[in-house]
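Peer 1: Contents of entry.cif (mmCIF, C-alpha atoms (C1' of nucleotides)):
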data_structure
#
loop_
_atom_site.label_atom_id
_atom_site.label_comp_id
_atom_site.auth_asym_id
_atom_site.auth_seq_id
_atom_site.Cartn_x
_atom_site.Cartn_y
_atom_site.Cartn_z
CA MET A 1 -130.41 33.91 249.11
CA SER A 2 -132.07 30.53 248.83
CA ARG A 3 -131.80 28.07 251.67
CA PRO A 4 -130.17 24.82 250.61
CA PRO A 5 -132.52 21.81 250.49
CA ARG A 6 -133.59 20.03 253.67
CA ASP A 7 -130.58 17.98 254.65
CA ALA A 8 -127.94 18.95 252.17
CA LEU A 9 -125.63 20.00 254.98
CA ARG A 10 -126.21 16.75 256.79
CA ARG A 11 -125.06 14.80 253.77
CA GLU A 12 -122.05 17.02 253.30
CA ILE A 13 -121.05 16.55 256.92
CA LEU A 14 -121.21 12.79 256.49
CA ALA A 15 -119.11 12.90 253.34
CA VAL A 16 -116.43 15.07 254.87
CA ALA A 17 -116.40 13.12 258.13
CA GLN A 18 -116.10 9.87 256.23
CA ARG A 19 -113.04 11.14 254.43
CA LEU A 20 -111.37 12.57 257.52
CA PHE A 21 -112.14 9.60 259.77
CA SER A 22 -110.66 7.33 257.11
CA THR A 23 -107.57 9.44 256.61
CA LEU A 24 -106.75 10.49 260.14
CA GLY A 25 -108.75 8.13 262.33
CA PHE A 26 -111.75 8.86 264.50
CA ARG A 27 -109.98 10.31 267.49
CA ALA A 28 -107.52 12.35 265.46
CA THR A 29 -110.34 14.05 263.60
CA SER A 30 -111.83 16.94 265.53
CA LEU A 31 -115.25 18.41 265.05
CA GLN A 32 -113.53 21.68 264.18
CA MET A 33 -111.70 20.04 261.27
CA ILE A 34 -114.95 18.71 259.88
CA ALA A 35 -116.66 22.07 260.37
CA ASP A 36 -113.82 23.88 258.60
CA GLU A 37 -114.04 21.66 255.53
CA VAL A 38 -117.81 21.76 255.43
CA ASP A 39 -117.55 25.51 255.97
CA CYS A 40 -119.98 25.76 258.83
CA SER A 41 -119.69 26.20 262.57
CA LYS A 42 -118.85 23.38 264.93
CA ALA A 43 -122.16 24.02 266.64
CA ALA A 44 -123.95 23.35 263.35
CA LEU A 45 -122.48 19.85 263.29
CA LEU A 46 -123.86 19.26 266.75
CA TYR A 47 -127.24 20.51 265.67
CA HIS A 48 -127.49 17.80 263.00
CA PHE A 49 -125.72 15.12 265.05
CA THR A 50 -126.05 15.00 268.79
CA THR A 51 -122.45 13.91 269.37
CA LYS A 52 -119.26 13.13 267.45
CA ALA A 53 -119.89 9.42 267.87
CA ALA A 54 -123.32 9.85 266.29
CA ILE A 55 -121.62 10.95 263.07
CA PHE A 56 -119.52 7.82 263.12
CA ASP A 57 -122.53 5.65 263.86
CA ALA A 58 -124.44 7.07 260.92
CA LEU A 59 -121.50 6.23 258.69
CA VAL A 60 -121.21 2.58 259.71
CA GLU A 61 -124.93 1.93 259.96
CA GLY A 62 -125.29 0.47 256.48
CA LEU A 63 -122.21 -1.66 256.88
CA VAL A 64 -123.35 -3.18 260.14
CA ASP A 65 -126.82 -3.85 258.78
CA ASP A 66 -125.41 -5.67 255.77
CA LEU A 67 -123.14 -7.70 258.01
CA GLN A 68 -126.13 -8.69 260.12
CA ARG A 69 -128.02 -9.80 257.01
CA ILE A 70 -125.08 -11.90 255.87
CA LEU A 71 -124.93 -13.77 259.15
CA ASP A 72 -128.68 -14.31 259.11
CA ALA A 73 -128.55 -15.72 255.59
CA LEU A 74 -125.69 -18.01 256.55
CA ALA A 75 -127.58 -19.49 259.46
CA ASP A 76 -130.17 -20.93 257.06
CA LEU A 77 -127.54 -22.80 255.07
CA PRO A 78 -126.29 -26.35 255.61
CA THR A 79 -122.89 -26.29 257.28
CA ARG A 80 -120.96 -27.46 254.23
CA GLN A 81 -122.16 -24.59 252.08
CA ARG A 82 -121.42 -21.93 254.66
CA LEU A 83 -117.75 -21.29 254.01
CA PRO A 84 -117.93 -20.71 250.24
CA ARG A 85 -121.05 -18.62 250.67
CA LEU A 86 -119.42 -16.55 253.38
CA LEU A 87 -116.48 -15.94 251.08
CA GLU A 88 -118.74 -14.63 248.35
CA LEU A 89 -120.71 -12.45 250.71
CA SER A 90 -117.68 -11.13 252.57
CA VAL A 91 -116.08 -10.03 249.34
CA ALA A 92 -119.29 -8.33 248.30
CA LEU A 93 -119.54 -6.63 251.67
CA VAL A 94 -116.06 -5.17 251.79
CA VAL A 95 -116.21 -4.04 248.18
CA LYS A 96 -119.54 -2.33 248.74
CA HIS A 97 -118.42 -0.61 251.93
CA ARG A 98 -114.83 0.18 251.06
CA GLU A 99 -115.01 3.75 252.23
CA ALA A 100 -116.75 2.99 255.50
CA LEU A 101 -114.31 0.18 256.27
CA ALA A 102 -111.37 2.52 255.87
CA MET A 103 -112.54 4.28 259.02
CA LEU A 104 -112.21 1.09 261.02
CA ARG A 105 -108.47 0.62 260.51
CA GLY A 106 -107.69 1.94 263.96
CA LEU A 107 -110.06 -0.24 265.92
CA GLY A 108 -108.87 0.36 269.46
CA ASP A 109 -109.43 3.93 268.37
CA LEU A 110 -112.99 4.16 269.60
CA GLY A 111 -112.15 3.53 273.22
CA GLU A 112 -115.44 2.87 274.91
CA MET A 113 -117.44 1.78 271.91
CA SER A 114 -120.72 3.26 270.83
CA PRO A 115 -123.53 0.70 270.53
CA PRO A 116 -123.33 0.40 266.72
CA ALA A 117 -119.57 -0.07 266.85
CA ALA A 118 -119.88 -2.69 269.54
CA ARG A 119 -122.52 -4.49 267.50
CA GLY A 120 -120.21 -4.47 264.49
CA GLN A 121 -117.40 -5.90 266.58
CA GLU A 122 -119.62 -8.65 267.87
CA LEU A 123 -120.78 -9.53 264.36
CA ALA A 124 -117.19 -9.65 263.14
CA ASP A 125 -116.43 -12.16 265.86
CA ARG A 126 -119.27 -14.34 264.67
CA VAL A 127 -117.88 -14.21 261.15
CA ARG A 128 -114.60 -15.51 262.46
CA ASP A 129 -116.39 -18.37 264.15
CA VAL A 130 -117.81 -19.42 260.80
CA LEU A 131 -114.39 -19.23 259.15
CA ALA A 132 -112.77 -21.24 261.92
CA ALA A 133 -114.81 -22.79 264.70
CA PRO A 134 -113.52 -21.98 268.20
CA GLY A 135 -111.89 -25.40 268.59
CA ALA A 136 -110.14 -25.32 265.23
CA SER A 137 -106.44 -25.93 264.62
CA VAL A 138 -103.93 -23.11 264.75
CA GLN A 139 -103.53 -23.35 261.01
CA GLN A 140 -107.26 -22.96 260.51
CA ARG A 141 -107.48 -20.07 262.93
CA ALA A 142 -104.54 -18.36 261.28
CA THR A 143 -106.21 -18.83 257.91
CA ALA A 144 -109.36 -17.18 259.17
CA HIS A 145 -107.49 -14.21 260.58
CA ILE A 146 -105.42 -13.75 257.46
CA PHE A 147 -108.50 -13.80 255.29
CA GLU A 148 -110.39 -11.40 257.49
CA HIS A 149 -107.64 -8.83 257.90
CA GLY A 150 -106.25 -9.40 254.44
CA LEU A 151 -109.58 -8.75 252.79
CA LEU A 152 -109.87 -5.45 254.60
CA GLY A 153 -106.29 -4.44 253.92
CA ALA A 154 -106.51 -5.28 250.24
CA CYS A 155 -109.67 -3.22 249.90
CA LEU A 156 -108.06 -0.19 251.45
CA GLY A 157 -104.74 -0.66 249.72
CA LEU A 158 -106.19 -0.83 246.21
CA PRO A 159 -108.42 2.23 245.99
CA ASP A 160 -107.62 2.63 242.31
CA VAL A 161 -109.08 -0.75 241.32
CA ASP A 162 -112.75 -0.77 240.35
CA ASP A 163 -115.26 -2.77 242.36
CA ASP A 164 -115.84 -5.71 240.03
CA GLU A 165 -112.20 -6.29 239.28
CA LEU A 166 -111.36 -6.10 242.95
CA ALA A 167 -114.12 -8.55 243.86
CA ASP A 168 -112.86 -11.08 241.32
CA ALA A 169 -109.30 -10.80 242.58
CA LEU A 170 -110.37 -11.21 246.19
CA LEU A 171 -112.50 -14.24 245.35
CA GLY A 172 -109.50 -15.77 243.60
CA VAL A 173 -107.19 -15.33 246.56
CA GLY A 174 -109.93 -16.43 248.95
CA ALA A 175 -110.37 -19.66 247.01
CA ARG A 176 -106.63 -20.34 247.26
CA ILE A 177 -106.51 -19.52 250.96
CA PHE A 178 -109.34 -21.88 251.86
CA ASP A 179 -108.51 -24.43 249.16
CA ILE A 180 -111.87 -24.12 247.48
CA ASP A 181 -112.52 -24.76 243.78
CA PRO A 182 -112.71 -21.24 242.28
CA GLN A 183 -115.52 -22.50 240.05
CA ARG A 184 -117.72 -22.79 243.11
CA LEU A 185 -117.35 -19.08 243.83
CA THR A 186 -119.23 -16.41 241.94
CA ARG A 187 -119.23 -12.68 242.34
CA VAL A 188 -122.39 -11.50 244.07
CA THR A 189 -123.80 -8.15 245.13
CA LEU A 190 -125.60 -7.22 248.30
CA MET B 1 -83.83 3.91 300.45
CA SER B 2 -81.78 2.51 297.61
CA ARG B 3 -81.98 4.13 294.23
CA PRO B 4 -83.03 1.64 291.52
CA PRO B 5 -80.30 0.80 289.00
CA ARG B 6 -79.38 3.19 286.19
CA ASP B 7 -82.25 2.88 283.73
CA ALA B 8 -84.66 0.52 285.41
CA LEU B 9 -87.36 3.16 285.21
CA ARG B 10 -86.65 3.72 281.56
CA ARG B 11 -87.27 0.05 280.81
CA GLU B 12 -90.40 0.01 282.88
CA ILE B 13 -91.74 3.02 281.04
CA LEU B 14 -91.16 1.25 277.75
CA ALA B 15 -92.90 -1.90 278.93
CA VAL B 16 -95.95 -0.06 280.19
CA ALA B 17 -96.12 2.20 277.16
CA GLN B 18 -95.87 -0.81 274.86
CA ARG B 19 -98.84 -2.42 276.55
CA LEU B 20 -100.97 0.71 276.60
CA PHE B 21 -100.15 1.79 273.05
CA SER B 22 -101.09 -1.71 271.89
CA THR B 23 -104.30 -1.82 273.85
CA LEU B 24 -105.61 1.70 273.44
CA GLY B 25 -103.64 3.11 270.53
CA PHE B 26 -100.97 5.79 270.53
CA ARG B 27 -103.20 8.82 270.64
CA ALA B 28 -105.63 7.38 273.14
CA THR B 29 -102.82 6.70 275.58
CA SER B 30 -101.86 9.76 277.60
CA LEU B 31 -98.57 10.33 279.34
CA GLN B 32 -100.52 10.52 282.56
CA MET B 33 -101.83 6.97 282.10
CA ILE B 34 -98.32 5.67 281.57
CA ALA B 35 -97.04 7.61 284.56
CA ASP B 36 -99.82 6.27 286.75
CA GLU B 37 -99.04 2.65 285.91
CA VAL B 38 -95.31 3.15 286.23
CA ASP B 39 -96.02 4.99 289.46
CA CYS B 40 -93.93 8.04 288.75
CA SER B 41 -94.70 11.61 287.70
CA LYS B 42 -95.50 12.61 284.16
CA ALA B 43 -92.49 14.88 284.28
CA ALA B 44 -90.29 11.88 285.01
CA LEU B 45 -91.37 10.31 281.73
CA LEU B 46 -90.34 13.45 279.93
CA TYR B 47 -87.01 13.42 281.67
CA HIS B 48 -86.19 10.00 280.18
CA PHE B 49 -87.89 10.61 276.84
CA THR B 50 -87.98 14.07 275.31
CA THR B 51 -91.50 13.65 273.90
CA LYS B 52 -94.33 11.14 273.77
CA ALA B 53 -93.36 10.25 270.20
CA ALA B 54 -89.86 9.43 271.40
CA ILE B 55 -91.29 6.66 273.55
CA PHE B 56 -93.04 5.24 270.52
CA ASP B 57 -89.92 5.53 268.43
CA ALA B 58 -87.86 3.63 270.97
CA LEU B 59 -90.43 0.86 270.88
CA VAL B 60 -90.43 0.39 267.12
CA GLU B 61 -86.71 0.87 266.65
CA GLY B 62 -85.84 -2.81 266.72
CA LEU B 63 -88.68 -3.67 264.39
CA VAL B 64 -87.68 -1.11 261.81
CA ASP B 65 -84.04 -2.15 261.97
CA ASP B 66 -84.94 -5.78 261.38
CA LEU B 67 -87.13 -4.80 258.47
CA GLN B 68 -84.25 -2.85 256.98
CA ARG B 69 -81.96 -5.87 257.31
CA ILE B 70 -84.52 -8.10 255.60
CA LEU B 71 -84.73 -5.82 252.61
CA ASP B 72 -80.96 -5.58 252.39
CA ALA B 73 -80.60 -9.35 252.49
CA LEU B 74 -83.24 -9.73 249.79
CA ALA B 75 -81.45 -7.37 247.42
CA ASP B 76 -78.52 -9.76 247.25
CA LEU B 77 -80.71 -12.65 246.10
CA PRO B 78 -81.55 -13.67 242.52
CA THR B 79 -85.07 -12.55 241.67
CA ARG B 80 -86.57 -16.03 241.64
CA GLN B 81 -85.54 -16.75 245.19
CA ARG B 82 -86.81 -13.47 246.59
CA LEU B 83 -90.46 -14.30 247.13
CA PRO B 84 -90.03 -17.51 249.14
CA ARG B 85 -87.23 -15.94 251.14
CA LEU B 86 -89.34 -12.87 251.87
CA LEU B 87 -92.11 -15.13 253.08
CA GLU B 88 -89.79 -16.85 255.52
CA LEU B 89 -88.30 -13.63 256.77
CA SER B 90 -91.64 -11.80 257.01
CA VAL B 91 -93.08 -14.55 259.15
CA ALA B 92 -90.00 -14.46 261.37
CA LEU B 93 -90.27 -10.68 261.65
CA VAL B 94 -93.89 -10.48 262.67
CA VAL B 95 -93.56 -13.34 265.12
CA LYS B 96 -90.53 -11.77 266.72
CA HIS B 97 -92.10 -8.33 266.98
CA ARG B 98 -95.67 -9.28 267.79
CA GLU B 99 -95.99 -6.86 270.66
CA ALA B 100 -94.47 -3.91 268.83
CA LEU B 101 -96.65 -4.58 265.78
CA ALA B 102 -99.78 -4.46 267.89
CA MET B 103 -99.13 -0.76 268.40
CA LEU B 104 -99.33 -0.16 264.68
CA ARG B 105 -102.93 -1.28 264.24
CA GLY B 106 -104.16 2.28 264.06
CA LEU B 107 -101.75 3.56 261.46
CA GLY B 108 -103.28 6.88 260.54
CA ASP B 109 -103.10 7.30 264.29
CA LEU B 110 -99.72 9.00 264.31
CA GLY B 111 -100.83 11.95 262.27
CA GLU B 112 -97.67 13.65 261.13
CA MET B 113 -95.27 10.75 261.40
CA SER B 114 -92.10 10.76 263.40
CA PRO B 115 -88.98 9.91 261.38
CA PRO B 116 -88.79 6.27 262.56
CA ALA B 117 -92.44 5.69 261.81
CA ALA B 118 -92.06 7.23 258.37
CA ARG B 119 -89.04 5.04 257.70
CA GLY B 120 -91.05 1.98 258.73
CA GLN B 121 -93.84 2.97 256.37
CA GLU B 122 -91.41 3.41 253.50
CA LEU B 123 -89.83 0.03 254.16
CA ALA B 124 -93.24 -1.62 254.24
CA ASP B 125 -93.93 -0.15 250.81
CA ARG B 126 -90.73 -1.70 249.52
CA VAL B 127 -91.82 -5.08 250.88
CA ARG B 128 -95.00 -4.77 248.93
CA ASP B 129 -93.02 -4.05 245.78
CA VAL B 130 -91.20 -7.33 246.23
CA LEU B 131 -94.44 -9.20 246.75
CA ALA B 132 -96.04 -7.62 243.71
CA ALA B 133 -94.05 -5.42 241.37
CA PRO B 134 -95.72 -2.05 240.67
CA GLY B 135 -96.95 -3.17 237.24
CA ALA B 136 -98.41 -6.45 238.47
CA SER B 137 -101.94 -7.69 237.86
CA VAL B 138 -104.77 -6.80 240.20
CA GLN B 139 -104.83 -10.39 241.41
CA GLN B 140 -101.15 -10.24 242.26
CA ARG B 141 -101.47 -6.89 243.99
CA ALA B 142 -104.45 -8.13 245.97
CA THR B 143 -102.48 -11.20 246.98
CA ALA B 144 -99.65 -9.04 248.26
CA HIS B 145 -101.98 -6.86 250.30
CA ILE B 146 -103.84 -9.81 251.76
CA PHE B 147 -100.60 -11.45 252.80
CA GLU B 148 -99.22 -8.28 254.32
CA HIS B 149 -102.28 -7.28 256.30
CA GLY B 150 -103.29 -10.84 256.98
CA LEU B 151 -99.95 -11.70 258.49
CA LEU B 152 -100.22 -8.78 260.85
CA GLY B 153 -103.83 -9.46 261.75
CA ALA B 154 -103.20 -13.13 262.42
CA CYS B 155 -100.30 -12.29 264.69
CA LEU B 156 -102.38 -9.93 266.76
CA GLY B 157 -105.46 -12.10 266.71
CA LEU B 158 -103.71 -15.19 268.04
CA PRO B 159 -101.87 -13.98 271.12
CA ASP B 160 -102.40 -17.32 272.85
CA VAL B 161 -100.46 -19.27 270.23
CA ASP B 162 -96.75 -19.71 270.88
CA ASP B 163 -94.18 -18.33 268.46
CA ASP B 164 -93.06 -21.51 266.73
CA GLU B 165 -96.52 -22.87 266.18
CA LEU B 166 -97.68 -19.52 264.87
CA ALA B 167 -94.74 -19.26 262.50
CA ASP B 168 -95.46 -22.70 261.05
CA ALA B 169 -99.12 -21.88 260.54
CA LEU B 170 -98.31 -18.59 258.85
CA LEU B 171 -95.80 -20.23 256.56
CA GLY B 172 -98.42 -22.79 255.60
CA VAL B 173 -101.00 -20.18 254.66
CA GLY B 174 -98.34 -18.08 252.94
CA ALA B 175 -97.39 -21.02 250.77
CA ARG B 176 -101.00 -21.50 249.74
CA ILE B 177 -101.53 -17.81 249.06
CA PHE B 178 -98.52 -17.54 246.77
CA ASP B 179 -98.83 -21.07 245.40
CA ILE B 180 -95.39 -22.09 246.61
CA ASP B 181 -94.35 -25.63 247.49
CA PRO B 182 -94.46 -25.66 251.31
CA GLN B 183 -91.33 -27.82 251.25
CA ARG B 184 -89.40 -24.84 249.96
CA LEU B 185 -90.27 -22.84 253.07
CA THR B 186 -88.56 -23.35 256.40
CA ARG B 187 -89.05 -21.58 259.66
CA VAL B 188 -86.21 -19.14 260.33
CA THR B 189 -85.33 -16.73 263.12
CA LEU B 190 -83.93 -13.23 262.86
"C1'" DT C 1 -148.50 41.36 260.67
"C1'" DT C 2 -147.69 38.07 264.25
"C1'" DG C 3 -146.09 33.96 265.98
"C1'" DC C 4 -143.87 29.43 265.48
"C1'" DT C 5 -140.48 26.33 263.81
"C1'" DT C 6 -136.17 25.28 261.61
"C1'" DC C 7 -131.47 26.10 261.21
"C1'" DC C 8 -127.49 28.06 262.61
"C1'" DT C 9 -123.88 31.28 265.08
"C1'" DG C 10 -120.42 32.97 268.55
"C1'" DA C 11 -119.27 32.91 273.03
"C1'" DC C 12 -118.26 30.00 276.40
"C1'" DC C 13 -117.46 25.82 279.69
"C1'" DG C 14 -114.90 22.21 282.13
"C1'" DG C 15 -111.59 19.03 281.19
"C1'" DT C 16 -107.50 16.93 279.25
"C1'" DC C 17 -103.66 17.04 276.53
"C1'" DG C 18 -98.28 17.31 275.72
"C1'" DG C 19 -94.79 19.81 277.46
"C1'" DT C 20 -91.93 23.32 280.52
"C1'" DC C 21 -89.60 24.89 284.54
"C1'" DA C 22 -87.63 26.05 289.04
"C1'" DG C 23 -85.98 23.68 292.48
"C1'" DG C 24 -84.97 19.76 295.69
"C1'" DA C 25 -83.10 15.13 297.17
"C1'" DA C 26 -79.73 11.70 296.54
"C1'" DA C 27 -75.64 9.85 294.66
"C1'" DA C 28 -71.17 10.50 292.72
"C1'" DT C 29 -66.90 13.05 292.64
"C1'" DG C 30 -63.14 15.82 294.42
"C1'" DC D 1 -66.20 17.83 303.83
"C1'" DA D 2 -68.04 20.68 299.64
"C1'" DT D 3 -69.46 20.58 294.91
"C1'" DT D 4 -71.32 18.78 290.86
"C1'" DT D 5 -74.24 15.72 288.41
"C1'" DT D 6 -78.14 12.72 288.02
"C1'" DC D 7 -82.85 12.00 288.67
"C1'" DC D 8 -87.16 13.44 289.80
"C1'" DT D 9 -91.31 16.38 291.66
"C1'" DG D 10 -95.33 19.64 291.71
"C1'" DA D 11 -97.01 23.54 289.91
"C1'" DC D 12 -98.02 25.44 285.91
"C1'" DC D 13 -98.79 26.75 280.75
"C1'" DG D 14 -101.16 27.36 276.32
"C1'" DA D 15 -103.71 24.71 273.13
"C1'" DC D 16 -107.35 22.08 271.92
"C1'" DC D 17 -110.98 18.93 272.85
"C1'" DG D 18 -116.33 17.71 272.78
"C1'" DG D 19 -120.26 19.81 274.05
"C1'" DT D 20 -123.77 23.64 275.77
"C1'" DC D 21 -126.52 27.66 275.39
"C1'" DA D 22 -128.82 32.07 274.53
"C1'" DG D 23 -130.25 34.20 270.86
"C1'" DG D 24 -130.78 35.67 265.99
"C1'" DA D 25 -132.07 35.17 260.97
"C1'" DA D 26 -134.97 33.04 257.59
"C1'" DG D 27 -139.10 30.45 256.05
"C1'" DC D 28 -143.82 29.28 256.77
"C1'" DA D 29 -148.61 29.50 258.44
"C1'" DA D 30 -152.36 32.22 260.41
#
In structure tokens, write the structure found in this file.
Peer 2:
Amino acid sequence: MSRPPRDALRREILAVAQRLFSTLGFRATSLQMIADEVDCSKAALLYHFTTKAAIFDALVEGLVDDLQRILDALADLPTRQRLPRLLELSVALVVKHREALAMLRGLGDLGEMSPPAARGQELADRVRDVLAAPGASVQQRATAHIFEHGLLGACLGLPDVDDDELADALLGVGARIFDIDPQRLTRVTL
Amino acid sequence: MSRPPRDALRREILAVAQRLFSTLGFRATSLQMIADEVDCSKAALLYHFTTKAAIFDALVEGLVDDLQRILDALADLPTRQRLPRLLELSVALVVKHREALAMLRGLGDLGEMSPPAARGQELADRVRDVLAAPGASVQQRATAHIFEHGLLGACLGLPDVDDDELADALLGVGARIFDIDPQRLTRVTL
DNA sequence: TTGCTTCCTGACCGGTCGGTCAGGAAAATG
DNA sequence: CATTTTCCTGACCGACCGGTCAGGAAGCAA
């Protein structure tokens, strides 16, 4: 019987974990459930990943990195161009990482956060500061929160819509929310 | 030593559970934690509430009932008036039940849902159908999702803002999202 | 063949979970 | 007073959790 290639199992674990974490939440998903679906032992999971949290971290790694890049790119822009650019990039981000984001629905879920999760949380806070500076009006702050949570919710609630169509729709609503000329927004990819 | 009045403990349990469920999530909150903060035994909790889920159910009961009433009231309205009215009532609902809604952040959290939670989920689906009929365009469906999740997120993200101010801000953003004349929207209470 | 590394298993560990149960104290009832 | 009902406790239960560990099978290199 031939041994499967190098890290085939590793990839399968990630795929299954992604699905279960998204569906049930991080805490509600046990290592045994993942092992059952992957059809290996629980100990095999912990051979490839040191802990349960390490599986989660591997799944959000790309997302957090992209978020970091977005904030870096924004810092180089003149203030006036930041908001529309952030809209474009945010839409691209959530569309690209739809599956990973689904795992984050239950945020308080992680309890004491792993370093990658904490970093993601911190970056999300910085995004909010760009959308509405700390001293902004209630209306502005509400707008920022609605956009942030709405974007996420729409992504997860419309799994049947393909990426491009979803991105266009989100850009449209984003333009209305922030009262930006839709012409100034274009669909981008990360 | 005088016995505290009839169901003082019951109310205290609900208050503590509300706070912990909101902060940590339903699953991450153990009966022992609640008992510790209430300063009674775990068994005492289970004397007043048959199960852990029953505590949760008691906490969302008012919310679900109000949601039911909103949908009933909407059914009596001509179609054209439904959207603006739903906006007004939704804002009133989330503002009124801010604390209870905070517990619902991690939705997949409940696993197999208790009857009240399932009823709440079903009602939320019906709200979405009013916001964007099943056959609506992607843009319309995205708008509905953004409003729904955004409303919730804004409520939870702005705990420092008082109810009236928050309601006004949410109505303002809602009007922009659905392209409704803000004059047609007034702040209401449930 | 021998020895080393990679990959994985089954048994097991301490801990925590939601929930049960026998029984006791206090208040209400007669 | 005695009895019943209400309210609560501490000990306990089985289930499951994330994680560990000794060891075995398979592949590779010498």
Peer 1: Residues of chain A within 12 Å of chain D, counting all atoms listed in the file, what are they? List them as a ChimeraX atom specification.
Peer 2: /A:1-4,27-33,42-47,49-53
Peer 1: Could you give me, as JSON, numbers by chain, the residues within 9 Å of stretch 143-146 of chain B, counting only C-alpha atoms (C1' of nucleotides) and dropping anything in the same chain fewer than 4 positions from it?
Peer 2: {"A": [146, 147, 148, 149, 150, 151, 152, 153, 154, 155, 157, 158, 169, 170, 173], "B": [128, 129, 130, 131, 132, 138, 139, 150, 151, 177, 178]}
Peer 1: Might you spell out which residues the PyMOL selection byres ((chain C) within 10 of (chain A)) would select in the displayed file, as a VMD selection string?
Peer 2: chain C and resid 6 to 10
Peer 1: Quick one, how far is atom CA of B:Val91 from atom CA of B:Val188?
Peer 2: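 Calculated distance between atom CA of B:Val91 and atom CA of B:Val188 is 8.3 Å.
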Peer 1: Just the number, please: distance in Å from atom CA of A:Leu77 to atom CA of A:Leu89, one decimal.
Peer 2: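 Value for the atom CA of A:Leu77-atom CA of A:Leu89 distance: 13.1 Å.
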Peer 1: Work out how far apart atom CA of A:Glu12 and atom CA of A:Gly25 are and give it in Å to one decimal.
Peer 2: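 So the answer is 18.4 Å.
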Peer 1: Which of these residues is nearest to chain A, using all atoms listed in the file: B:Ala15, B:Leu93, B:Ala117, B:Leu20?
Peer 2: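 Going through B:Ala15, B:Leu93, B:Ala117, B:Leu20 one by one, the smallest distance to chain A is for B:Leu20.
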Peer 1: From the set B:Arg80, B:Leu101, B:Val64, B:Leu24, which residue has the shortest atom-to-atom contact distance to chain A, counting all atoms listed in the file?
Peer 2: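 Nearest candidate to chain A out of B:Arg80, B:Leu101, B:Val64, B:Leu24: B:Leu24.
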Peer 1: Which residue out of A:Gln81, A:Gln68, A:Gln140, A:Ser90 has the minimum interatomic distance to chain B when all atoms listed in the file are used?
Peer 2: A:Gln140
Peer 1: For a quick check of understanding, using only C-alpha atoms, which of B:Leu123, B:Ala136, B:Val161, B:Ile34 has the smallest distance to B:Gln18?
Peer 2: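 Once distances to B:Gln18 are computed over only C-alpha atoms, the minimum belongs to B:Ile34.
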Peer 1: Padding 5 Å on each side, edges along x, y and z: where is the centre of the box around the listed atoms of stretch 84-93 of chain A, and how long are its edges in Å to one decimal? Output it as JSON.
Peer 2:
{"center_x": -118.6, "center_y": -13.7, "center_z": 250.8, "size_x": 15.0, "size_y": 24.1, "size_z": 15.1}
Peer 1: Let me make sure I understand: among A:Ala73, A:Ala118, A:Thr23, A:Thr79, which one has the smallest atom-to-atom distance to chain B if we use all atoms listed in the file?
Peer 2: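 Closest to chain B of all the choices is A:Thr23.
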Peer 1: Measuring between only C-alpha atoms, which one of B:Asp57, B:Asp7, B:Asp76, B:Asp160 shows the shortest distance to chain A?
Peer 2: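 That would be B:Asp160, the residue with the smallest distance to chain A.
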